[in-house]
Amino acid sequence: MKKSIFGLLVILSMIAVACGGSSLEGEEVFITGALVGNDAAGFQENFDSFTEETGIIVSFQGSDNFEQEIQIQMESGDTPDIALFPQPGGVVDAAQRGYLVALEDLGVDLDDYKANFSEYIVGLGTVDGVAYGGAHAFNLKSIVWYQPAEFEARGYSVPETWDEMIALADQIVSEGMNPFCFGMYSNGASGWLATDWMEDIMLRTGEGTVTYDKWVSHEIPFNDPVVKNAATLLSQIMHTDGYVVGGTDAIVSTYFGNAQDPMFEKDANGNPGCFMHRQASFITSFWPEAAQAGAGTETTVFPFPAMDDGLPKAALGGGDMFAVFTEGDEAVNAVVEYMLSDNFFAAAAQRPDNSRIYGHVQFDSSLYSKDITRVLADAITGALAENAFRFDASDLMPPEVGAGSFWKEMMNLAVEGPGYVDTALDNIEKSWP
Amino acid sequence: MKNKTQQERLFNFGISFLALGAFPLVWFLSQAILFRELTEIISRNMLVVIGLLVGSSFVFLLFSGMERLIRLAPMEKRDSLEARMFAGPSIFMIGLFLLYPAIRTIYFSFKDRFGQSFNGIENYSWAFSDAEMLVTIRNQIVWLVFVVFFTLFIGLIVGWLSDRLNKGEAFFKSIVFMPMAISAVGATAIFKFIYEYRPPPLTQIGIINGIRVSAGENCSNNRLIDGTLFDYADDSCNRAIGWLQQRDLSGLKIGESLEAGGWFSNLLVNFPLNTVLLLIIMIWAYTGFAAVVFSAGIKAIPSDIMEAGQIDGASEFKIFVSIVIPYIKSTIIVVGTYMVVTVLKAFDIIYVSTRGDLETNLLAVKMLDEFSKYRNIGRSSTVAVLIFICVIPIIVGNAFREKENSRI
């Protein structure tokens, strides 16, 4: 009797192995992150073909409060296998505290990884020369939204340099309209839009990416002349009379998601409230529904204008990064390998609601469902290839600055006017830990 | 004889130690270890089933086991042991889930940002010198003063007046009480629409701004009349104001004429408009609660006292001040205590509305900010301890008052 049951078990397990074709069949890998809604569904869909192939069941759990929850989970030791951090800073912090497994120990070929995502991106998730973070999706911030039809009707041409943009702005003001939309209120993060402006200007002035990197790592002080120049130019946009629709009141009080709405609203003479809005690629999902359909056609983007001569075409962006908590699990290793491969993002990219951009340079951008996403993706990969893609500086600075004084002083700068530039920069410099 | 009592005492001690200490502890630990091991072995679904079965019998077996042990004790000791048996588990649970985290938090408040090495009182000196922290403490004081005073004040008036109504008292009171039924998050969402701001050419959808920009000749909130658009772009019209972004009165007309000088005008110049607008939400939400409690207290006043007052020719005001208030003094103190503690814990209104931006932060949100935004465990714990310290005098005062009351 006993023998026959044993025999049955052996046969059953043989069948299971034969069918699965892999010893990892049925293994579960748990991922958490800050993605919710469509983005989370797209992320999960990426694993459908992988699960079919390997039998590894990957489940993703997104949460609005991911950043708080992961802190608590790390403290209590109840971590997921993989976490998708919305910012590389989260990876670096967790790695410094010793919670993460290095990519090398997971069997990742670092040279391949660097070639596919650029050395700069890999460096963002690196602590003391050891890479922990795996690059994932990106968004592009170095863009200015405008409506080509409105430009054509008035004979405006798309500005390619900062001086052309200022000249265009002056012309629009002289014709009795407002050139810029600018709103930087954001619950708990007010001011980040101005920090984005600063970063874009920093990338295009001085020595470009070189000074930018020094600025991020605090090799040059925050009140350095280069930074001061950037702040002065930003103040020119904020405080020149008539430049921003609604004036400084609107800059401080307008929720960033509503900031572009004046562009879609025509006044009695048929003029839009503003003509240009510098904002990241994800802003489209904040637009009024009627305007969303025209993203990429009716309302589209031009790259943030060039400033100093001789600098490569820089791109500023943000993005998330995953990191692994579980060591020595074959299934997790396989998932990581898949997440860094060029066909990982295919399923999500084809979803009609997708606006996320995969960072892999060899990813086939024709897969993206929307034209605008394709244009932005090509801009990112182009900048990556030229090593001129840079991450949002405020995300990379210590949180006391990047999520604290930098945001706060930009709000104060908007309220106080051009005379406040020095005080603002001095205050941020003082707050650097 | 003496020997025997000592032996008895030892025996009793042994039993109470076994019944109330060793047995629950061993029982609890065995369960904890069992489940820790089980999670490694069996699947999640099985674990839930086992957890339900074993978990529900856990309490039953705990008490029956303790009861068994207590039965070994002599008759006259059993009563007190049984009383302790029922109090014991809850004391243990409070210790585990409240006392232990509290002590750990205090311990962490003396450590650095990672909670690894001690850094003395550095966190506390930060708490009282950092500009943002000082603003947070100021806001907390403003909230305490305004919210507690106005909920008590308006609540008393509503409670007193509703008592004087000939009919419709229940309806009136339920209207005032209604906001209490709305969660703080919901109430904040409602008020966000009241304070809402849109950049100028857009139609103002916030009530206050909508009224503001429509006031005056030729000013309208983007209304189409016979094909022509009437807007508020004209300079003679009022500007819309981002109410929750106003740190002082400088955005308002009265603010423009203000100048720092005497203490009063200094106070006005620094009047934290957005903080006050936010705390109004809490006043609105809690006034009904205060009113209903006060109304119940007022109802309990014997009518002969009131009549005596009326016969003696006291005015309504005099009766209110000299009879009603002294009579319901303890109710006022209880509601006041409750409000103070609620304000110290106030979190959701700020979290949902401004998230602490533009100098509106409160301690409870600041605690979370330090933990997750700035990733500083030490400072976060310090803020938690500050809230804790603020609550202590109120709890102690309440306890003393209770004692006094029971003495009478």
# chains A, B, ... in the order shown; residues from 1 in each chain; ligands from 1
$ interface_residues --of "chain B" --to "chain A" --cutoff "7 Å" --atoms "only C-alpha atoms" --output "count of residues only"
17
$ residues_around --residues "segment 104-121 of chain B" --least-positions-apart "3" --cutoff "7 Å" --atoms "only C-alpha atoms" --output "PyMOL selection string"
chain B and resi 100-101+124-125+376-379+381-382+385
$ atom_distance --atom1 "atom CA of Gly33 of chain A" --atom2 "atom CA of Lys345 of chain B"
28.8 Å
$ atom_distance --atom1 "atom CA of Thr209 of chain A" --atom2 "atom CA of Tyr120 of chain A"
11.0 Å
$ residues_around --residues "segment 278-280 of chain A" --least-positions-apart "2" --cutoff "7 Å" --atoms "only C-alpha atoms" --output "count of residues only"
10
$ select_by_dssp --residues "segment 326-401 of chain B" --states "helix (DSSP H, G or I)" --output "JSON, numbers by chain"
{"B": [326, 327, 329, 330, 331, 332, 333, 334, 335, 336, 337, 338, 339, 340, 341, 342, 343, 344, 345, 348, 349, 350, 351, 352, 363, 364, 365, 366, 367, 368, 369, 370, 371, 372, 373, 377, 378, 379, 380, 381, 382, 383, 384, 385, 386, 387, 388, 389, 390, 391, 392, 393, 394, 395, 396, 397, 398, 399, 400, 401]}
$ atom_distance --atom1 "atom CA of Pro86 of chain A" --atom2 "atom CA of Ala379 of chain A"
21.2 Å
$ residues_around --residues "Asp342 of chain A" --least-positions-apart "5" --cutoff "8 Å" --atoms "only C-alpha atoms" --output "mmCIF file with N, CA, C and O atoms, in the first residue's frame"
data_model
loop_
_atom_site.group_PDB
_atom_site.id
_atom_site.type_symbol
_atom_site.label_atom_id
_atom_site.label_comp_id
_atom_site.auth_asym_id
_atom_site.auth_seq_id
_atom_site.Cartn_x
_atom_site.Cartn_y
_atom_site.Cartn_z
ATOM 1 N N HIS A 360 15.097 51.395 -21.377
ATOM 2 C CA HIS A 360 16.016 50.559 -22.142
ATOM 3 C C HIS A 360 16.248 51.185 -23.521
ATOM 4 O O HIS A 360 15.308 51.416 -24.266
ATOM 5 N N GLN A 362 17.390 49.982 -26.227
ATOM 6 C CA GLN A 362 17.062 49.156 -27.387
ATOM 7 C C GLN A 362 15.582 48.805 -27.453
ATOM 8 O O GLN A 362 15.158 48.014 -28.291
ATOM 9 N N PHE A 363 14.799 49.390 -26.585
ATOM 10 C CA PHE A 363 13.370 49.095 -26.599
ATOM 11 C C PHE A 363 12.761 49.681 -27.870
ATOM 12 O O PHE A 363 13.061 50.811 -28.270
#
$ residues_around --residues "segment 11-28 of chain B" --least-positions-apart "5" --cutoff "10 Å" --atoms "only C-alpha atoms" --output "count of residues only"
30
$ residues_around --residues "Gly155 of chain A" --least-positions-apart "6" --cutoff "12 Å" --atoms "only C-alpha atoms" --output "PDB file with C-alpha atoms, in the first residue's frame"
ATOM      1  CA  PRO A 148       0.758  74.743 -32.850  1.00  0.00           C
ATOM      2  CA  ALA A 149      -2.517  76.124 -34.273  1.00  0.00           C
ATOM      3  CA  LEU A 168       8.522  85.646 -28.149  1.00  0.00           C
ATOM      4  CA  GLN A 171       6.013  89.991 -28.187  1.00  0.00           C
ATOM      5  CA  ILE A 172       3.032  88.172 -26.702  1.00  0.00           C
TER       6      ILE A 172
END
$ residues_around --residues "Gly89 of chain A" --least-positions-apart "4" --cutoff "12 Å" --atoms "only C-alpha atoms" --output "VMD selection string"
(chain A and resid 67 84 to 85 93 to 96 123 to 127 132 to 133 318 to 323 391 to 399 402 to 403) or (chain B and resid 373 to 375)
